[in-house]
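The structure appears right after this line, and notes come after that.
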Amino acid sequence: MNTIRRFFTDRDSLAPILVTVFAGLFSLLAGIVLIFIVSKNPVQSVRNFLLAPFLRSYNFYYLLIVMVPITFTGLALCIIYQLRYMSLIVDASFYTGAVVATAVGTQLALPPGLHPAVAMLAAGIVGGIIGLLPAVLKIKWRANELVSSLMLNYVFYFFGSFIILYFLRDRSQTILSSLPFKASFRLPRLVENTQLHAGFIIAAVFVVLVSIFLFRTRWGYEIRLTGANQKFANYAGLPVASIILYAHFISGFLGGVGGAVEMAGLYRAFIWQMNPSYAWDGVIVAMLARKNPKFVPISALFFAYLRVGADFMSRRGDVAFEFITLLQGLIILILASDRIVNYFKERRLKRQVLSKTGAEAGAEASPGAGAAQGGAR
Amino acid sequence: MIEFILGVLTSANYWFIVLRSTAPILLVTLGAVITEQAGIKNMALEGSMLWAALTGVIASAATGNAWVGLAAGIGASVLVALILGFFALKLDANAVLCGVALNLVATGGTVFVLFSLTGDKGISSSLPSKVLPALTIPFVKDIPWIGKVISGQNIIVYISALAVIVIDLILRRFTIGRRIRATGENIEAARAAGIDPVRIKFFSLIVSGILAGFAGCFLSMGYTSNFTSGIAAGRGYVANAAQVVAGGTAVGSIFAAMLFGLMDAMATFLQNVGMPPELIQALPYAVTILGFVVVTFIRDRREAERKRRLFSKNSVPSAQARAS
């Protein structure tokens, strides 16, 4: 009994988990309130929103498909956030990765299996190089990486659509579309008659790889150490600059591969009229996962659940799909607020203090409270 | 090609459009400058502009008065800034992440509200919204080339010029400006001097909200006459880069914003001669980031130079000898 209690009270990780669950539930609740405000048929809408994956098998598979791209961007941002950087260049890596994959998928003739693999590798390398840019600007000229990455995202978006329009466009189509992909480029389906593709497994493999990389290898440890205290890492003799660079390359690589997987798994041609901006979803996925790749599938699942619910509800009723951005924003705001995180931490501390005896416990707890305050960013 | 560009550069029409595209960027850049000077990054400027643009259109359509629309738009924009302030200053949240979240909310939220009101996700053309008036300046309009450039602009363009003066005065002449800079420079010292940093930061956020409100309303009630989804087109982000180029001063903002305005206006002309529009659209952003990098590079070098000089002045002669 005592051990069980200690498991729930002594572990450092419990407070963040509580906040995360709180953020998720609170945003769901806010969403439901919002539906009641705007919908003419709120009960039906809420039911569609909450139960979408269970109402239609199509929705269930759609949920799994949606998880794939946001798992990739979520993983990519986990690495960036472990480094305590804010770059959002993954957006450009993902989009350009899709463009590169389109080029490989339409122009090259390779055997099946090898074809998407080559596309992913090419997209990953290009995505990785793009991912390097804000880091280079930051290291060399101390340009704020968030600002520069947001600018670069626009540049690469316009450049990517230029490539599609002028070199890969299918001119027989009236709508904007690239040439159709070669059959060998497409990833196999996992379940007959659904869109669930092998990209799901590839994403799962990458979750494992990135987890091992970050927590079981020297390079991952160096990234985490640099993020925890860059000065210390520097004094310890670590090559900080090159650590920052390879972390950004890997992050961009993941983004690029994600774009390629999305193309090879889901589409017959490049038909994005605008940037799907999965990086922004990746921000929330990485934050919900507390920058730990292990938890990315769980937060991606939750996030895909919101998305699919909102999508199903908007097609069946009068609430626009965009309402989930309100929930997304709310989640980030709650998770970013140290005061809210500390509230959960302090409550736990208080309970600890109460369970101990009088003065001794008080003396022990006060430095702990200070550490909790200081520890959160 | 070069002849064409030279032709464009000398035409009054081009410079008229330059001023028009510079105005909204200038306003938000000033907003970014004043918050940055107070030591808080307002990443939510993009969201402020979006909400201002939508609210302005809705309120002006509801009341039939463009000025009510402008006031409502500014109100919405300030509200976004206040929400950012609440989370960043009262709940100790990372201001940049909050800004990202508020932009996300604004991007989807404006579409959501637009859809709930009109049933359309792209454009507000079904709302009978009003447009802010353009002003003809007497006498100036009769000057040959300059009259065509300066006169006849939308009133917000003139307000943006006025805003430069106001922000310059606030930052350099008024007590509040000293307090803002003190807070941004060294928050502990400011606190020791009896300044309440939280209040100062809130003040600068409100000012930036007002400025972004003008900019947002201009986009939907002057620059164009509708709200379209994503109408701010990253201008709020550009402002954060332009703020660096501006070197944290109001007058510098003119040049930084002009950089974007020049490219933006050139893009509309180049499109007519068959340049791929995708590349042209990327131009303003590419040039802004270039300016951003060049200025941070120069500033960094100057800072290093200053430190080196300080260091060598204080160091012992033998060190100087070794250095030479």
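Each chain of the structure tokens is named A, B, ... in the order shown, its residues numbered from 1; ligands are numbered from 1 in display order.
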
Polymer residues at most 12 Å from Ala23 of chain A, only C-alpha atoms, same-chain spacing of 6 or more positions, as a PDB file with N, CA and C atoms, in the first residue's frame:
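Output contents, as saved in out.pdb:
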```pdb
ATOM      1  N   PRO A  16       3.408  17.092 -14.147  1.00  0.00           N
ATOM      2  CA  PRO A  16       3.224  17.425 -15.561  1.00  0.00           C
ATOM      3  C   PRO A  16       2.146  16.585 -16.224  1.00  0.00           C
ATOM      4  N   ILE A  17       2.056  15.297 -15.833  1.00  0.00           N
ATOM      5  CA  ILE A  17       1.024  14.452 -16.437  1.00  0.00           C
ATOM      6  C   ILE A  17      -0.356  15.000 -16.089  1.00  0.00           C
ATOM      7  N   LEU A  29     -13.787  20.332 -22.889  1.00  0.00           N
ATOM      8  CA  LEU A  29     -14.949  20.943 -22.253  1.00  0.00           C
ATOM      9  C   LEU A  29     -15.276  22.282 -22.911  1.00  0.00           C
ATOM     10  N   ALA A  30     -14.228  23.087 -23.117  1.00  0.00           N
ATOM     11  CA  ALA A  30     -14.429  24.383 -23.762  1.00  0.00           C
ATOM     12  C   ALA A  30     -15.030  24.196 -25.151  1.00  0.00           C
ATOM     13  N   ILE A 284       1.814  21.320 -30.801  1.00  0.00           N
ATOM     14  CA  ILE A 284       0.937  20.877 -29.718  1.00  0.00           C
ATOM     15  C   ILE A 284       1.232  19.428 -29.355  1.00  0.00           C
ATOM     16  N   MET A 287       4.314  19.374 -27.310  1.00  0.00           N
ATOM     17  CA  MET A 287       4.102  19.924 -25.967  1.00  0.00           C
ATOM     18  C   MET A 287       3.293  18.969 -25.099  1.00  0.00           C
ATOM     19  N   LEU A 288       2.262  18.366 -25.694  1.00  0.00           N
ATOM     20  CA  LEU A 288       1.465  17.400 -24.939  1.00  0.00           C
ATOM     21  C   LEU A 288       2.320  16.201 -24.540  1.00  0.00           C
ATOM     22  N   SER A 299      -0.125  11.546 -27.679  1.00  0.00           N
ATOM     23  CA  SER A 299      -0.651  12.881 -27.910  1.00  0.00           C
ATOM     24  C   SER A 299      -1.107  13.046 -29.349  1.00  0.00           C
ATOM     25  N   PHE A 302      -4.581  11.644 -29.433  1.00  0.00           N
ATOM     26  CA  PHE A 302      -5.545  12.596 -28.888  1.00  0.00           C
ATOM     27  C   PHE A 302      -5.819  13.703 -29.887  1.00  0.00           C
ATOM     28  N   LEU A 327      -9.380  25.063 -29.539  1.00  0.00           N
ATOM     29  CA  LEU A 327      -8.964  24.078 -28.545  1.00  0.00           C
ATOM     30  C   LEU A 327      -7.442  23.937 -28.543  1.00  0.00           C
ATOM     31  N   GLN A 328      -6.858  23.930 -29.759  1.00  0.00           N
ATOM     32  CA  GLN A 328      -5.404  23.798 -29.853  1.00  0.00           C
ATOM     33  C   GLN A 328      -4.716  24.936 -29.133  1.00  0.00           C
ATOM     34  N   GLY A 329      -5.200  26.153 -29.394  1.00  0.00           N
ATOM     35  CA  GLY A 329      -4.590  27.321 -28.763  1.00  0.00           C
ATOM     36  C   GLY A 329      -4.700  27.242 -27.255  1.00  0.00           C
ATOM     37  N   LEU A 330      -5.869  26.814 -26.802  1.00  0.00           N
ATOM     38  CA  LEU A 330      -6.101  26.707 -25.361  1.00  0.00           C
ATOM     39  C   LEU A 330      -5.120  25.714 -24.735  1.00  0.00           C
ATOM     40  N   ILE A 331      -4.900  24.595 -25.413  1.00  0.00           N
ATOM     41  CA  ILE A 331      -3.974  23.580 -24.885  1.00  0.00           C
ATOM     42  C   ILE A 331      -2.579  24.179 -24.735  1.00  0.00           C
ATOM     43  N   ILE A 332      -2.120  24.883 -25.795  1.00  0.00           N
ATOM     44  CA  ILE A 332      -0.771  25.471 -25.714  1.00  0.00           C
ATOM     45  C   ILE A 332      -0.707  26.474 -24.574  1.00  0.00           C
ATOM     46  N   LEU A 333      -1.733  27.326 -24.477  1.00  0.00           N
ATOM     47  CA  LEU A 333      -1.706  28.369 -23.445  1.00  0.00           C
ATOM     48  C   LEU A 333      -1.607  27.754 -22.054  1.00  0.00           C
ATOM     49  N   ILE A 334      -2.397  26.713 -21.816  1.00  0.00           N
ATOM     50  CA  ILE A 334      -2.369  26.095 -20.488  1.00  0.00           C
ATOM     51  C   ILE A 334      -1.010  25.458 -20.218  1.00  0.00           C
ATOM     52  N   LEU A 335      -0.516  24.697 -21.212  1.00  0.00           N
ATOM     53  CA  LEU A 335       0.740  23.984 -20.991  1.00  0.00           C
ATOM     54  C   LEU A 335       1.927  24.930 -20.894  1.00  0.00           C
ATOM     55  N   ALA A 336       1.805  26.108 -21.540  1.00  0.00           N
ATOM     56  CA  ALA A 336       2.929  27.044 -21.504  1.00  0.00           C
ATOM     57  C   ALA A 336       2.956  27.844 -20.214  1.00  0.00           C
ATOM     58  N   SER A 337       1.852  27.821 -19.470  1.00  0.00           N
ATOM     59  CA  SER A 337       1.767  28.681 -18.288  1.00  0.00           C
ATOM     60  C   SER A 337       2.431  28.018 -17.088  1.00  0.00           C
ATOM     61  N   ILE A 340       0.326  27.710 -13.888  1.00  0.00           N
ATOM     62  CA  ILE A 340      -0.631  26.608 -13.811  1.00  0.00           C
ATOM     63  C   ILE A 340       0.108  25.300 -13.516  1.00  0.00           C
ATOM     64  N   VAL A 341       1.256  25.115 -14.208  1.00  0.00           N
ATOM     65  CA  VAL A 341       2.049  23.898 -13.965  1.00  0.00           C
ATOM     66  C   VAL A 341       2.484  23.849 -12.506  1.00  0.00           C
ATOM     67  N   PHE A 344      -0.043  22.733  -9.897  1.00  0.00           N
ATOM     68  CA  PHE A 344      -0.162  21.288  -9.697  1.00  0.00           C
ATOM     69  C   PHE A 344       1.011  20.747  -8.882  1.00  0.00           C
TER      70      PHE A 344
END
```

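Neighbours of Pro53 of chain A closer than or equal to 10 Å, with only C-alpha atoms counted and sequence neighbours fewer than 6 positions away skipped, come out as Asn59, Phe60, Tyr61, Tyr62, Leu63, Leu64, Ala304, Tyr305, Val308, Gly309 and Phe312 of chain A.
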
Hey, could you make a per-residue contact list for chain B against chain A with 6 Å as the cut-off, showing the nearest pair of atoms and its distance in Å to one decimal, counting only C-alpha atoms, sorted by chain and number, as a Markdown table?
```
| residue | atom | partner | partner_atom | distance |
| --- | --- | --- | --- | --- |
| B:Leu91 | CA | A:Arg339 | CA | 4.8 |
| B:Asp92 | CA | A:Asp338 | CA | 5.3 |
| B:Ala93 | CA | A:Ser337 | CA | 3.8 |
| B:Asn94 | CA | A:Ala336 | CA | 5.9 |
| B:Cys98 | CA | A:Leu333 | CA | 5.6 |
| B:Ala101 | CA | A:Gly329 | CA | 4.4 |
| B:Val105 | CA | A:Leu326 | CA | 4.9 |
| B:Gly108 | CA | A:Glu322 | CA | 4.8 |
| B:Phe112 | CA | A:Glu322 | CA | 5.4 |
| B:Glu278 | CA | A:Phe158 | CA | 5.1 |
| B:Ala282 | CA | A:Val155 | CA | 4.9 |
| B:Tyr285 | CA | A:Met151 | CA | 5.8 |
| B:Phe297 | CA | A:Trp141 | CA | 4.9 |
```

Take the residues just selected and output them with N, CA and C atoms as a compact mmCIF listing (two decimals), in the first residue's frame.
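What ended up in part-v5.txt:
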```
# COMPACT_ATOMS: atom_id res chain seq x y z
N LEU B 91 0.45 34.59 -15.59
CA LEU B 91 0.58 33.15 -15.39
C LEU B 91 1.98 32.64 -15.75
N ASP B 92 2.90 33.58 -15.95
CA ASP B 92 4.31 33.24 -16.21
C ASP B 92 4.50 32.29 -17.39
N ALA B 93 3.68 32.43 -18.41
CA ALA B 93 3.84 31.55 -19.56
C ALA B 93 4.93 32.11 -20.47
N ASN B 94 5.50 31.23 -21.28
CA ASN B 94 6.46 31.64 -22.30
C ASN B 94 5.72 32.50 -23.33
N CYS B 98 2.83 31.54 -26.23
CA CYS B 98 1.49 32.10 -26.15
C CYS B 98 1.13 32.81 -27.44
N ALA B 101 0.24 30.33 -29.96
CA ALA B 101 -1.09 29.79 -29.69
C ALA B 101 -2.17 30.77 -30.12
N VAL B 105 -5.15 30.32 -32.88
CA VAL B 105 -6.56 30.57 -32.58
C VAL B 105 -7.14 31.58 -33.57
N GLY B 108 -7.69 30.07 -37.29
CA GLY B 108 -8.89 29.25 -37.40
C GLY B 108 -10.12 29.98 -36.87
N PHE B 112 -13.78 30.50 -38.44
CA PHE B 112 -14.91 29.91 -37.71
C PHE B 112 -16.02 30.94 -37.52
N GLU B 278 4.66 32.89 -58.03
CA GLU B 278 5.05 32.23 -56.79
C GLU B 278 6.39 32.78 -56.29
N ALA B 282 7.27 35.34 -52.93
CA ALA B 282 8.26 35.00 -51.90
C ALA B 282 9.23 36.14 -51.66
N TYR B 285 9.26 38.39 -48.37
CA TYR B 285 9.71 37.63 -47.20
C TYR B 285 11.20 37.37 -47.28
N PHE B 297 23.75 40.69 -38.02
CA PHE B 297 25.19 40.47 -38.22
C PHE B 297 25.97 41.73 -37.86
```

Would you mind writing down, as a PyMOL selection string, each residue of segment 54-142 of chain A that DSSP on the backbone assigns to alpha helix (DSSP H)?
chain A and resi 54-55+57-82+90-107+114-141

Quick one: residues within 8 Å of segment 123-130 of chain B, only C-alpha atoms, excluding same-chain residues fewer than 3 positions away - as a ChimeraX atom specification?
/B:57-62,64-66,114,118,120,221,225-229

As an NGL selection string, please: the residues near segment 270-274 of chain A (cut-off 7 Å, only C-alpha atoms, same-chain neighbours under 5 positions excluded).
:A and (102 or 176-178)

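Close contacts of segment 88-101 of chain A, defined as residues with an atom at most 6 Å away when counting only C-alpha atoms, with chain neighbours fewer than 4 positions off set aside, comprise Gly105, Ala119, Ala123, Gly127, Gly131, Ser149, Asn153, Phe156, Gly160, Gly252, Gly255, Gly256, Gly259, Ala260, Ser277 and Ala279 of chain A.
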
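Proximity to Val126 of chain A was assessed for A:Ala109, A:Ile250, A:Val261, A:Leu306 counting only C-alpha atoms; the smallest distance is recorded for A:Ile250.
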
Extract the full set of strand (DSSP E or B) residues from segment 169-218 of chain A according to DSSP on the backbone, and format it as a PyMOL selection string.
chain A and resi 169+178+189+197

Writer output for current selection, C-alpha atoms, as an mmCIF file, in the first residue's frame:
```cif
data_model
loop_
_atom_site.group_PDB
_atom_site.id
_atom_site.type_symbol
_atom_site.label_atom_id
_atom_site.label_comp_id
_atom_site.auth_asym_id
_atom_site.auth_seq_id
_atom_site.Cartn_x
_atom_site.Cartn_y
_atom_site.Cartn_z
ATOM 1 C CA ARG A 169 2.402 20.235 -63.306
ATOM 2 C CA SER A 178 1.198 17.552 -60.329
ATOM 3 C CA ARG A 189 -2.286 -0.414 -47.970
ATOM 4 C CA HIS A 197 -1.197 2.859 -45.554
#
```

Please list as an MDAnalysis selection string every residue within 12 Å of Ile165 of chain B, counting only C-alpha atoms and excluding residues in the same chain fewer than 2 positions away.
chainID B and resid 27 30 158:163 167:173 249:254

Next, the residues of the selection above should be written as a PDB file, in the first residue's frame with N, CA and C atoms.
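The resulting file, out_16.pdb, is shown below:
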```
ATOM      1  N   LEU B  27       2.860  50.003 -39.216  1.00  0.00           N
ATOM      2  CA  LEU B  27       2.098  50.042 -37.960  1.00  0.00           C
ATOM      3  C   LEU B  27       2.447  48.866 -37.050  1.00  0.00           C
ATOM      4  N   LEU B  30       5.976  49.085 -35.599  1.00  0.00           N
ATOM      5  CA  LEU B  30       6.028  49.971 -34.432  1.00  0.00           C
ATOM      6  C   LEU B  30       5.523  49.229 -33.193  1.00  0.00           C
ATOM      7  N   TYR B 158      -1.920  57.833 -43.572  1.00  0.00           N
ATOM      8  CA  TYR B 158      -1.480  59.041 -42.851  1.00  0.00           C
ATOM      9  C   TYR B 158      -1.362  58.766 -41.359  1.00  0.00           C
ATOM     10  N   ILE B 159      -2.284  57.950 -40.854  1.00  0.00           N
ATOM     11  CA  ILE B 159      -2.211  57.601 -39.430  1.00  0.00           C
ATOM     12  C   ILE B 159      -0.908  56.864 -39.140  1.00  0.00           C
ATOM     13  N   SER B 160      -0.475  56.023 -40.078  1.00  0.00           N
ATOM     14  CA  SER B 160       0.762  55.267 -39.847  1.00  0.00           C
ATOM     15  C   SER B 160       1.949  56.219 -39.737  1.00  0.00           C
ATOM     16  N   ALA B 161       1.926  57.286 -40.556  1.00  0.00           N
ATOM     17  CA  ALA B 161       3.007  58.279 -40.463  1.00  0.00           C
ATOM     18  C   ALA B 161       2.945  58.988 -39.121  1.00  0.00           C
ATOM     19  N   LEU B 162       1.735  59.313 -38.711  1.00  0.00           N
ATOM     20  CA  LEU B 162       1.530  59.965 -37.419  1.00  0.00           C
ATOM     21  C   LEU B 162       2.008  59.061 -36.285  1.00  0.00           C
ATOM     22  N   ALA B 163       1.743  57.754 -36.455  1.00  0.00           N
ATOM     23  CA  ALA B 163       2.102  56.797 -35.407  1.00  0.00           C
ATOM     24  C   ALA B 163       3.613  56.774 -35.181  1.00  0.00           C
ATOM     25  N   ILE B 167       5.040  57.263 -31.500  1.00  0.00           N
ATOM     26  CA  ILE B 167       5.851  56.230 -30.837  1.00  0.00           C
ATOM     27  C   ILE B 167       7.250  56.760 -30.559  1.00  0.00           C
ATOM     28  N   ASP B 168       7.761  57.562 -31.503  1.00  0.00           N
ATOM     29  CA  ASP B 168       9.081  58.146 -31.285  1.00  0.00           C
ATOM     30  C   ASP B 168       9.067  59.041 -30.048  1.00  0.00           C
ATOM     31  N   LEU B 169       8.011  59.854 -29.931  1.00  0.00           N
ATOM     32  CA  LEU B 169       7.889  60.725 -28.755  1.00  0.00           C
ATOM     33  C   LEU B 169       7.784  59.892 -27.480  1.00  0.00           C
ATOM     34  N   ILE B 170       6.909  58.876 -27.533  1.00  0.00           N
ATOM     35  CA  ILE B 170       6.724  58.036 -26.340  1.00  0.00           C
ATOM     36  C   ILE B 170       8.055  57.435 -25.901  1.00  0.00           C
ATOM     37  N   LEU B 171       8.783  56.887 -26.884  1.00  0.00           N
ATOM     38  CA  LEU B 171       9.999  56.154 -26.518  1.00  0.00           C
ATOM     39  C   LEU B 171      11.123  57.075 -26.086  1.00  0.00           C
ATOM     40  N   ARG B 172      11.209  58.260 -26.689  1.00  0.00           N
ATOM     41  CA  ARG B 172      12.408  59.066 -26.459  1.00  0.00           C
ATOM     42  C   ARG B 172      12.182  60.295 -25.599  1.00  0.00           C
ATOM     43  N   ARG B 173      10.951  60.791 -25.539  1.00  0.00           N
ATOM     44  CA  ARG B 173      10.740  62.062 -24.861  1.00  0.00           C
ATOM     45  C   ARG B 173       9.975  61.921 -23.543  1.00  0.00           C
ATOM     46  N   THR B 249      14.003  51.400 -32.999  1.00  0.00           N
ATOM     47  CA  THR B 249      13.575  52.793 -32.996  1.00  0.00           C
ATOM     48  C   THR B 249      12.393  52.988 -33.937  1.00  0.00           C
ATOM     49  N   ALA B 250      11.626  54.038 -33.630  1.00  0.00           N
ATOM     50  CA  ALA B 250      10.441  54.310 -34.440  1.00  0.00           C
ATOM     51  C   ALA B 250      10.831  54.757 -35.844  1.00  0.00           C
ATOM     52  N   VAL B 251      11.873  55.594 -35.922  1.00  0.00           N
ATOM     53  CA  VAL B 251      12.272  56.090 -37.239  1.00  0.00           C
ATOM     54  C   VAL B 251      12.864  54.959 -38.084  1.00  0.00           C
ATOM     55  N   GLY B 252      13.618  54.074 -37.424  1.00  0.00           N
ATOM     56  CA  GLY B 252      14.159  52.924 -38.131  1.00  0.00           C
ATOM     57  C   GLY B 252      13.063  52.045 -38.707  1.00  0.00           C
ATOM     58  N   SER B 253      11.912  52.041 -38.044  1.00  0.00           N
ATOM     59  CA  SER B 253      10.792  51.222 -38.520  1.00  0.00           C
ATOM     60  C   SER B 253      10.370  51.612 -39.929  1.00  0.00           C
ATOM     61  N   ILE B 254      10.501  52.927 -40.230  1.00  0.00           N
ATOM     62  CA  ILE B 254      10.093  53.370 -41.568  1.00  0.00           C
ATOM     63  C   ILE B 254      10.898  52.624 -42.621  1.00  0.00           C
TER      64      ILE B 254
END
```

Residues near Val8 of chain B, anyone? I mean within 12 Å using only C-alpha atoms, not counting same-chain ones fewer than 6 positions away, as JSON, numbers by chain.
{"B": [1, 2, 14, 15, 16, 17, 18, 262, 265, 266, 267, 268, 269, 270, 272, 273]}

Go ahead and dump the residues you just picked, C-alpha atoms, as a CSV table (one decimal), in the first residue's frame.
```
chain,number,residue,atom,x,y,z
B,1,MET,CA,13.9,43.8,-67.9
B,2,ILE,CA,16.1,46.4,-66.3
B,14,TYR,CA,4.6,52.5,-58.1
B,15,TRP,CA,5.4,54.8,-55.2
B,16,PHE,CA,1.7,55.3,-54.4
B,17,ILE,CA,1.4,51.5,-54.0
B,18,VAL,CA,4.7,51.4,-52.0
B,262,LEU,CA,9.1,48.2,-51.9
B,265,ALA,CA,4.7,46.8,-54.6
B,266,MET,CA,7.3,45.6,-57.1
B,267,ALA,CA,5.7,42.2,-57.0
B,268,THR,CA,2.4,43.5,-58.3
B,269,PHE,CA,4.2,45.1,-61.2
B,270,LEU,CA,6.4,42.1,-62.0
B,272,ASN,CA,2.2,41.8,-65.2
B,273,VAL,CA,5.3,41.0,-67.2
```

Å distance separating atom CA of Ile34 of chain B from atom CA of Ser208 of chain B, one decimal place:
6.8 Å
